[in-house]
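Okay, query-v1.cif now, which holds mmCIF, C-alpha atoms:
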```cif
data_input
#
loop_
_atom_site.group_PDB
_atom_site.id
_atom_site.type_symbol
_atom_site.label_atom_id
_atom_site.label_comp_id
_atom_site.auth_asym_id
_atom_site.auth_seq_id
_atom_site.Cartn_x
_atom_site.Cartn_y
_atom_site.Cartn_z
ATOM 1 C CA MET Q 265 19.359 53.507 48.286
ATOM 2 C CA PRO Q 266 19.111 52.791 44.508
ATOM 3 C CA GLY Q 267 22.579 51.244 44.266
ATOM 4 C CA THR Q 268 21.914 48.581 46.888
ATOM 5 C CA GLN Q 269 18.367 47.233 46.567
ATOM 6 C CA ALA Q 270 15.722 46.655 43.926
ATOM 7 C CA PHE Q 271 12.883 47.972 46.132
ATOM 8 C CA TRP Q 272 12.496 49.978 49.326
ATOM 9 C CA ILE Q 273 9.703 51.686 51.223
ATOM 10 C CA ASP Q 274 9.949 55.466 50.991
ATOM 11 C CA ALA Q 275 10.143 56.176 54.709
ATOM 12 C CA THR Q 276 12.425 59.203 54.314
ATOM 13 C CA ARG Q 277 9.962 61.486 52.550
ATOM 14 C CA VAL Q 278 8.029 63.667 54.998
ATOM 15 C CA GLY Q 279 4.418 62.516 55.245
ATOM 16 C CA ALA Q 280 4.957 59.436 53.039
ATOM 17 C CA GLN Q 281 3.297 56.987 55.421
ATOM 18 C CA GLU Q 282 0.360 59.323 56.029
ATOM 19 C CA HIS Q 283 -0.051 59.739 52.275
ATOM 20 C CA TYR Q 284 -0.049 55.940 51.911
ATOM 21 C CA GLY Q 285 -2.723 55.761 54.625
ATOM 22 C CA GLU Q 286 -4.862 58.190 52.600
ATOM 23 C CA HIS Q 287 -4.496 55.934 49.561
ATOM 24 C CA LEU Q 288 -5.567 52.945 51.650
ATOM 25 C CA ARG Q 289 -8.774 54.769 52.564
ATOM 26 C CA THR Q 290 -9.414 55.800 48.949
ATOM 27 C CA TRP Q 291 -8.709 52.310 47.566
ATOM 28 C CA ARG Q 292 -10.485 50.387 50.340
ATOM 29 C CA HIS Q 293 -12.269 48.291 47.708
ATOM 30 C CA ALA Q 294 -8.939 46.482 47.057
ATOM 31 C CA PHE Q 295 -9.218 45.054 50.588
ATOM 32 C CA ALA Q 296 -12.893 44.045 50.546
ATOM 33 C CA ALA Q 297 -13.283 40.457 51.707
ATOM 34 C CA GLY Q 298 -14.282 38.005 49.018
ATOM 35 C CA ALA Q 299 -16.706 35.126 49.405
ATOM 36 C CA GLY Q 300 -15.373 32.574 51.870
ATOM 37 C CA GLU Q 301 -12.453 34.735 53.036
ATOM 38 C CA PRO Q 302 -11.862 35.491 56.689
ATOM 39 C CA ALA Q 303 -12.761 39.104 57.383
ATOM 40 C CA ALA Q 304 -12.903 41.801 60.022
ATOM 41 C CA GLU Q 305 -15.525 44.508 59.465
ATOM 42 C CA GLY Q 306 -15.560 43.788 55.707
ATOM 43 C CA VAL Q 307 -11.752 43.876 55.279
ATOM 44 C CA THR Q 308 -10.058 40.674 54.147
ATOM 45 C CA LEU Q 309 -7.838 38.864 56.610
ATOM 46 C CA ASP Q 310 -6.504 36.611 53.838
ATOM 47 C CA PRO Q 311 -2.730 37.304 53.791
ATOM 48 C CA LEU Q 312 -2.403 37.006 49.993
ATOM 49 C CA HIS Q 313 -5.426 39.137 49.126
ATOM 50 C CA PHE Q 314 -4.378 41.777 51.665
ATOM 51 C CA ALA Q 315 -0.737 41.865 50.475
ATOM 52 C CA LEU Q 316 -1.809 42.230 46.835
ATOM 53 C CA GLY Q 317 -4.013 45.183 47.784
ATOM 54 C CA ALA Q 318 -1.216 46.774 49.831
ATOM 55 C CA TRP Q 319 1.210 46.409 46.896
ATOM 56 C CA GLU Q 320 -1.236 47.853 44.363
ATOM 57 C CA VAL Q 321 -1.981 50.891 46.521
ATOM 58 C CA ALA Q 322 1.735 51.551 47.182
ATOM 59 C CA ASN Q 323 2.756 51.675 43.509
ATOM 60 C CA ARG Q 324 2.029 53.690 40.396
ATOM 61 C CA PRO Q 325 -0.415 54.541 38.973
ATOM 62 C CA VAL Q 326 -2.347 54.557 42.281
ATOM 63 C CA ALA Q 327 0.414 56.211 44.323
ATOM 64 C CA ASP Q 328 2.311 59.091 42.774
ATOM 65 C CA PRO Q 329 4.944 59.372 44.042
ATOM 66 C CA PRO Q 330 4.993 55.663 44.855
ATOM 67 C CA TYR Q 331 5.377 54.543 48.453
ATOM 68 C CA VAL Q 332 7.463 51.562 47.322
ATOM 69 C CA ARG Q 333 10.446 52.931 45.414
ATOM 70 C CA ARG Q 334 12.501 51.075 42.807
ATOM 71 C CA HIS Q 335 16.024 50.899 41.519
ATOM 72 C CA PRO Q 336 16.277 52.851 38.236
ATOM 73 C CA ARG Q 337 16.713 49.613 36.253
ATOM 74 C CA VAL Q 338 13.352 48.273 37.536
ATOM 75 C CA LEU Q 339 10.931 49.422 34.858
ATOM 76 C CA ASP Q 340 7.850 47.619 36.137
ATOM 77 C CA ALA Q 341 6.902 45.297 38.978
ATOM 78 C CA THR Q 342 3.540 43.678 39.524
ATOM 79 C CA CYS Q 343 2.304 41.073 41.967
ATOM 80 C CA HIS Q 344 -0.817 39.062 41.296
ATOM 81 C CA ARG Q 345 -2.594 35.781 41.905
ATOM 82 C CA PRO Q 346 -2.444 33.790 38.661
ATOM 83 C CA GLU Q 347 -5.599 31.968 37.656
ATOM 84 C CA GLU Q 348 -3.604 28.888 36.638
ATOM 85 C CA ALA Q 349 -1.862 28.286 39.964
ATOM 86 C CA PRO Q 350 -2.290 28.915 43.667
ATOM 87 C CA GLY Q 351 -0.130 31.508 45.364
ATOM 88 C CA MET Q 352 1.446 34.721 44.187
ATOM 89 C CA LEU Q 353 3.457 35.580 41.093
ATOM 90 C CA ALA Q 354 5.667 38.642 40.808
ATOM 91 C CA VAL Q 355 6.625 39.914 37.358
ATOM 92 C CA VAL Q 356 9.575 42.311 37.321
ATOM 93 C CA GLU Q 357 10.919 43.991 34.183
ATOM 94 C CA LEU Q 358 14.540 45.201 34.167
ATOM 95 C CA ALA Q 359 16.357 47.451 31.675
ATOM 96 C CA VAL Q 360 19.345 45.483 30.368
ATOM 97 C CA PRO Q 361 22.094 46.087 27.818
ATOM 98 C CA ALA Q 362 21.452 44.929 24.268
ATOM 99 C CA PRO Q 363 22.712 41.353 23.684
ATOM 100 C CA VAL Q 364 24.126 42.426 20.323
ATOM 101 C CA ARG Q 365 25.925 45.534 19.138
ATOM 102 C CA VAL Q 366 23.382 48.221 18.301
ATOM 103 C CA PRO Q 367 24.106 49.681 14.827
ATOM 104 C CA ASP Q 368 25.079 53.324 14.469
ATOM 105 C CA GLY Q 369 22.129 55.697 14.415
ATOM 106 C CA TRP Q 370 20.058 53.608 16.817
ATOM 107 C CA ALA Q 371 19.255 54.863 20.299
ATOM 108 C CA GLN Q 372 19.145 52.586 23.340
ATOM 109 C CA TRP Q 373 18.512 52.732 27.106
ATOM 110 C CA GLN Q 374 19.963 55.778 28.799
ATOM 111 C CA GLY Q 375 21.851 55.066 32.043
ATOM 112 C CA GLY Q 376 22.621 57.298 34.965
ATOM 113 C CA ASP Q 377 20.229 57.955 37.809
ATOM 114 C CA ALA Q 378 17.308 56.543 35.822
ATOM 115 C CA PHE Q 379 17.135 54.088 32.969
ATOM 116 C CA THR Q 380 14.772 55.742 30.579
ATOM 117 C CA ALA Q 381 13.944 55.137 26.988
ATOM 118 C CA PRO Q 382 15.459 57.671 24.603
ATOM 119 C CA PRO Q 383 13.252 59.953 22.510
ATOM 120 C CA TYR Q 384 11.243 58.144 19.865
ATOM 121 C CA GLU Q 385 12.146 60.442 16.973
ATOM 122 C CA ARG Q 386 14.711 57.932 15.742
ATOM 123 C CA PRO Q 387 15.079 54.150 15.586
ATOM 124 C CA THR Q 388 15.379 52.726 19.085
ATOM 125 C CA ALA Q 389 16.452 49.294 20.381
ATOM 126 C CA LEU Q 390 15.288 48.591 23.945
ATOM 127 C CA THR Q 391 16.141 45.364 25.710
ATOM 128 C CA THR Q 392 14.450 44.151 28.867
ATOM 129 C CA LEU Q 393 14.674 41.121 31.090
ATOM 130 C CA GLU Q 394 11.396 39.851 32.537
ATOM 131 C CA LEU Q 395 11.615 37.915 35.781
ATOM 132 C CA ARG Q 396 8.597 35.791 36.745
ATOM 133 C CA VAL Q 397 8.909 34.798 40.355
ATOM 134 C CA PRO Q 398 6.532 32.672 42.416
ATOM 135 C CA LEU Q 399 6.563 34.169 45.905
ATOM 136 C CA PRO Q 400 5.940 32.142 49.071
ATOM 137 C CA VAL Q 401 2.571 33.023 50.542
ATOM 138 C CA ASP Q 402 3.398 31.454 53.913
ATOM 139 C CA ARG Q 403 5.830 34.310 54.645
ATOM 140 C CA LEU Q 404 3.126 36.963 54.356
ATOM 141 C CA PRO Q 405 1.848 38.351 57.636
ATOM 142 C CA THR Q 406 -1.785 37.744 58.500
ATOM 143 C CA PRO Q 407 -3.734 40.998 58.850
ATOM 144 C CA THR Q 408 -4.917 41.486 62.409
ATOM 145 C CA ARG Q 409 -7.915 43.807 62.261
ATOM 146 C CA ALA Q 410 -9.677 46.503 60.305
ATOM 147 C CA ARG Q 411 -8.948 50.124 61.225
ATOM 148 C CA ALA Q 412 -12.642 50.850 61.034
ATOM 149 C CA SER Q 413 -15.546 49.381 59.135
ATOM 150 C CA GLY Q 414 -14.274 48.659 55.633
ATOM 151 C CA LEU Q 415 -10.887 50.362 56.159
ATOM 152 C CA PRO Q 416 -7.617 48.418 56.044
ATOM 153 C CA ASN Q 417 -5.224 48.824 58.958
ATOM 154 C CA LEU Q 418 -2.109 50.866 58.055
ATOM 155 C CA ASP Q 419 0.142 48.766 60.309
ATOM 156 C CA ASP Q 420 -1.033 45.573 58.593
ATOM 157 C CA ALA Q 421 -0.486 47.114 55.146
ATOM 158 C CA GLN Q 422 2.994 48.274 56.165
ATOM 159 C CA ALA Q 423 3.871 44.761 57.388
ATOM 160 C CA ALA Q 424 2.600 43.222 54.131
ATOM 161 C CA LEU Q 425 4.698 45.651 52.069
ATOM 162 C CA GLU Q 426 7.802 44.957 54.155
ATOM 163 C CA ALA Q 427 7.361 41.211 53.561
ATOM 164 C CA LEU Q 428 6.873 41.661 49.798
ATOM 165 C CA VAL Q 429 9.832 44.034 49.497
ATOM 166 C CA ALA Q 430 12.068 41.554 51.353
ATOM 167 C CA GLU Q 431 10.993 38.656 49.114
ATOM 168 C CA LEU Q 432 11.407 40.672 45.905
ATOM 169 C CA ASN Q 433 14.793 42.043 46.953
ATOM 170 C CA ALA Q 434 16.054 38.517 47.647
ATOM 171 C CA VAL Q 435 15.314 37.582 44.030
ATOM 172 C CA VAL Q 436 15.842 40.784 42.017
ATOM 173 C CA THR Q 437 18.809 42.451 43.735
ATOM 174 C CA PRO Q 438 21.334 39.763 42.617
ATOM 175 C CA PHE Q 439 20.346 40.500 38.993
ATOM 176 C CA LEU Q 440 20.974 44.208 39.580
ATOM 177 C CA HIS Q 441 24.398 43.466 41.064
ATOM 178 C CA GLU Q 442 25.294 41.403 37.974
ATOM 179 C CA LEU Q 443 24.077 44.148 35.634
ATOM 180 C CA GLU Q 444 26.065 46.801 37.487
ATOM 181 C CA ALA Q 445 29.185 44.591 37.508
ATOM 182 C CA SER Q 446 28.980 44.108 33.733
ATOM 183 C CA ARG Q 447 28.930 47.847 32.920
#
```
As structure tokens, what does this structure read like?
Amino acid sequence: MPGTQAFWIDATRVGAQEHYGEHLRTWRHAFAAGAGEPAAEGVTLDPLHFALGAWEVANRPVADPPYVRRHPRVLDATCHRPEEAPGMLAVVELAVPAPVRVPDGWAQWQGGDAFTAPPYERPTALTTLELRVPLPVDRLPTPTRARASGLPNLDDAQAALEALVAELNAVVTPFLHELEASR
């Protein structure tokens, strides 16, 4: 999957969805309804709040291994509600080639199956591209119900993740294609 998309849900690993469900139970506080939010048994029914909780629980450091997997060039990906604006903002950091020739003796990103920083025993030049993407909140599914008192519904969390992954892939994957084409 890494060569085709920026993000995907790890549905192939045995027990991955059950493991994600366990994380949802452990991190139930991420889904607690805030003041004025619609709720079912203490769980938010606000699509944005719920999707942000589902994303947080599906990624590192909460989930290890993560339930949402990433292309090796995707170094970091966060989704949050900025204080300055309504809606959701995704921030995605990609490993990219240096824009200038790196002098001899300097290390840089290592390619292959994973783009990792080289050892830090010598001078290193690392270049990243940060994408800041406002995501449409109206495309997020509305949670339907709590699983039990205070517990988010796994089906609702799965639907929220699928919507976020689709939106992020629409924006980030074209950058990955360009980076791969320029190798």
Could you expand the PyMOL selection byres ((chain Q and resi 359) around 8) into the explicit residues it covers here, written as a ChimeraX atom specification?
-> /Q:337-339,357-358,360-361,373,379,390-393
Check what the PyMOL selection byres ((chain Q and resi 292) around 10) selects in the file above and give those residues as a ChimeraX atom specification.
-> /Q:286-291,293-296,306-307,317-318,321,414-416
What gap, in Å, lies between CA of Ile273 (chain Q) and CA of Ala349 (chain Q)?
->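 Atom-to-atom, CA of Ile273 (chain Q) to CA of Ala349 (chain Q), that is 28.4 Å.
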Could you state the separation of CA of Arg365 (chain Q) and CA of Ala389 (chain Q) in Å, given to one decimal place?
->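 Distance between the two atoms: 10.3 Å.
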Find the residues around Gln372 (chain Q) up to 7 Å (only C-alpha atoms counted), leave out those fewer than 2 positions away in its own chain, and share them as a list in words.
->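 The filter keeps Trp370, Gln374, Ala381, Pro382, Thr388, Ala389 and Leu390 of chain Q.
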Near Ala341 (chain Q), counting only C-alpha atoms, which residues have an atom at most 10 Å away, once you skip same-chain residues fewer than 4 positions from it, shown as a ChimeraX atom specification?
-> /Q:271,319,323-324,334,354-358,394-396,432
Kindly save the residues from that selection, with C-alpha atoms included, as a CSV table (one decimal), in the coordinates of the input.
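What landed in again_32.csv:
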```
chain,number,residue,atom,x,y,z
Q,271,PHE,CA,12.9,48.0,46.1
Q,319,TRP,CA,1.2,46.4,46.9
Q,323,ASN,CA,2.8,51.7,43.5
Q,324,ARG,CA,2.0,53.7,40.4
Q,334,ARG,CA,12.5,51.1,42.8
Q,354,ALA,CA,5.7,38.6,40.8
Q,355,VAL,CA,6.6,39.9,37.4
Q,356,VAL,CA,9.6,42.3,37.3
Q,357,GLU,CA,10.9,44.0,34.2
Q,358,LEU,CA,14.5,45.2,34.2
Q,394,GLU,CA,11.4,39.9,32.5
Q,395,LEU,CA,11.6,37.9,35.8
Q,396,ARG,CA,8.6,35.8,36.7
Q,432,LEU,CA,11.4,40.7,45.9
```
Do you have the CA of Arg333 (chain Q)-CA of Ala412 (chain Q) distance handy?
-> 28.0 Å
Q:Pro398, Q:Pro405, Q:Gly285, Q:Ala371 ranked by distance to Glu385 (chain Q), top pick (using all atoms listed in the file) |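 Ranking Q:Pro398, Q:Pro405, Q:Gly285, Q:Ala371 by distance to Glu385 (chain Q), first place goes to Q:Ala371.
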Ala275 (chain Q): which residues within 12 Å, counting all atoms listed in the file, same-chain residues fewer than 6 positions away excluded, as an NGL selection string?
-> :Q and (265 or 281-284 or 330-333 or 422 or 426)
If you count all atoms listed in the file, the residue of Q:Ala304, Q:Pro387, Q:Asp274, Q:Leu309 closest to Ala322 (chain Q) turns out to be Q:Asp274
Counting all atoms listed in the file, the residue of Q:Met352, Q:Val364, Q:Val326, Q:Ala299 that sits nearest Leu428 (chain Q) =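 Closest to Leu428 (chain Q), using all atoms listed in the file: Q:Met352.
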Could you write out as lines of an AutoDock Vina configuration file the box around region 337-350 of chain Q (axis-aligned, all atoms listed in the file, 6 Å on each side), with centre and edge lengths in Å to one decimal?
```
center_x = 5.6
center_y = 38.9
center_z = 39.3
size_x = 34.3
size_y = 33.3
size_z = 20.8
```
Could you check which of Q:Glu301, Q:Glu320, Q:Asp419, Q:Asp402 is closest to Gly351 (chain Q), using all atoms listed in the file?
->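 Between Q:Glu301, Q:Glu320, Q:Asp419, Q:Asp402, the residue approaching Gly351 (chain Q) most closely is Q:Asp402.
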Output as a PDB file, in the coordinates of the input: region 341-356 of chain Q, completed with N, CA and C atoms.
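What follows is the written file selection-v2.pdb:
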```
ATOM      1  N   ALA Q 341       6.985  46.400  38.022  1.00  0.00           N
ATOM      2  CA  ALA Q 341       6.902  45.297  38.978  1.00  0.00           C
ATOM      3  C   ALA Q 341       5.448  45.131  39.393  1.00  0.00           C
ATOM      4  N   THR Q 342       4.915  43.966  39.124  1.00  0.00           N
ATOM      5  CA  THR Q 342       3.540  43.678  39.524  1.00  0.00           C
ATOM      6  C   THR Q 342       3.518  42.397  40.347  1.00  0.00           C
ATOM      7  N   CYS Q 343       2.547  42.290  41.204  1.00  0.00           N
ATOM      8  CA  CYS Q 343       2.304  41.073  41.967  1.00  0.00           C
ATOM      9  C   CYS Q 343       0.839  40.726  41.766  1.00  0.00           C
ATOM     10  N   HIS Q 344       0.575  39.471  41.481  1.00  0.00           N
ATOM     11  CA  HIS Q 344      -0.817  39.062  41.296  1.00  0.00           C
ATOM     12  C   HIS Q 344      -0.991  37.587  41.627  1.00  0.00           C
ATOM     13  N   ARG Q 345      -2.246  37.180  41.682  1.00  0.00           N
ATOM     14  CA  ARG Q 345      -2.594  35.781  41.905  1.00  0.00           C
ATOM     15  C   ARG Q 345      -2.969  35.198  40.545  1.00  0.00           C
ATOM     16  N   PRO Q 346      -2.113  34.339  39.978  1.00  0.00           N
ATOM     17  CA  PRO Q 346      -2.444  33.790  38.661  1.00  0.00           C
ATOM     18  C   PRO Q 346      -3.637  32.834  38.738  1.00  0.00           C
ATOM     19  N   GLU Q 347      -4.430  32.850  37.689  1.00  0.00           N
ATOM     20  CA  GLU Q 347      -5.599  31.968  37.656  1.00  0.00           C
ATOM     21  C   GLU Q 347      -5.190  30.504  37.548  1.00  0.00           C
ATOM     22  N   GLU Q 348      -4.041  30.257  36.922  1.00  0.00           N
ATOM     23  CA  GLU Q 348      -3.604  28.888  36.638  1.00  0.00           C
ATOM     24  C   GLU Q 348      -2.982  28.175  37.824  1.00  0.00           C
ATOM     25  N   ALA Q 349      -2.591  28.910  38.857  1.00  0.00           N
ATOM     26  CA  ALA Q 349      -1.862  28.286  39.964  1.00  0.00           C
ATOM     27  C   ALA Q 349      -2.201  28.988  41.274  1.00  0.00           C
ATOM     28  N   PRO Q 350      -2.075  28.264  42.371  1.00  0.00           N
ATOM     29  CA  PRO Q 350      -2.290  28.915  43.667  1.00  0.00           C
ATOM     30  C   PRO Q 350      -1.076  29.773  44.020  1.00  0.00           C
ATOM     31  N   GLY Q 351      -1.260  30.708  44.904  1.00  0.00           N
ATOM     32  CA  GLY Q 351      -0.130  31.508  45.364  1.00  0.00           C
ATOM     33  C   GLY Q 351      -0.012  32.822  44.639  1.00  0.00           C
ATOM     34  N   MET Q 352       1.181  33.398  44.734  1.00  0.00           N
ATOM     35  CA  MET Q 352       1.446  34.721  44.187  1.00  0.00           C
ATOM     36  C   MET Q 352       2.569  34.641  43.159  1.00  0.00           C
ATOM     37  N   LEU Q 353       2.429  35.467  42.124  1.00  0.00           N
ATOM     38  CA  LEU Q 353       3.457  35.580  41.093  1.00  0.00           C
ATOM     39  C   LEU Q 353       3.846  37.044  40.983  1.00  0.00           C
ATOM     40  N   ALA Q 354       5.145  37.301  41.050  1.00  0.00           N
ATOM     41  CA  ALA Q 354       5.667  38.642  40.808  1.00  0.00           C
ATOM     42  C   ALA Q 354       6.269  38.649  39.409  1.00  0.00           C
ATOM     43  N   VAL Q 355       6.037  39.729  38.679  1.00  0.00           N
ATOM     44  CA  VAL Q 355       6.625  39.914  37.358  1.00  0.00           C
ATOM     45  C   VAL Q 355       7.386  41.228  37.412  1.00  0.00           C
ATOM     46  N   VAL Q 356       8.710  41.141  37.216  1.00  0.00           N
ATOM     47  CA  VAL Q 356       9.575  42.311  37.321  1.00  0.00           C
ATOM     48  C   VAL Q 356      10.306  42.473  36.000  1.00  0.00           C
TER      49      VAL Q 356
END
```
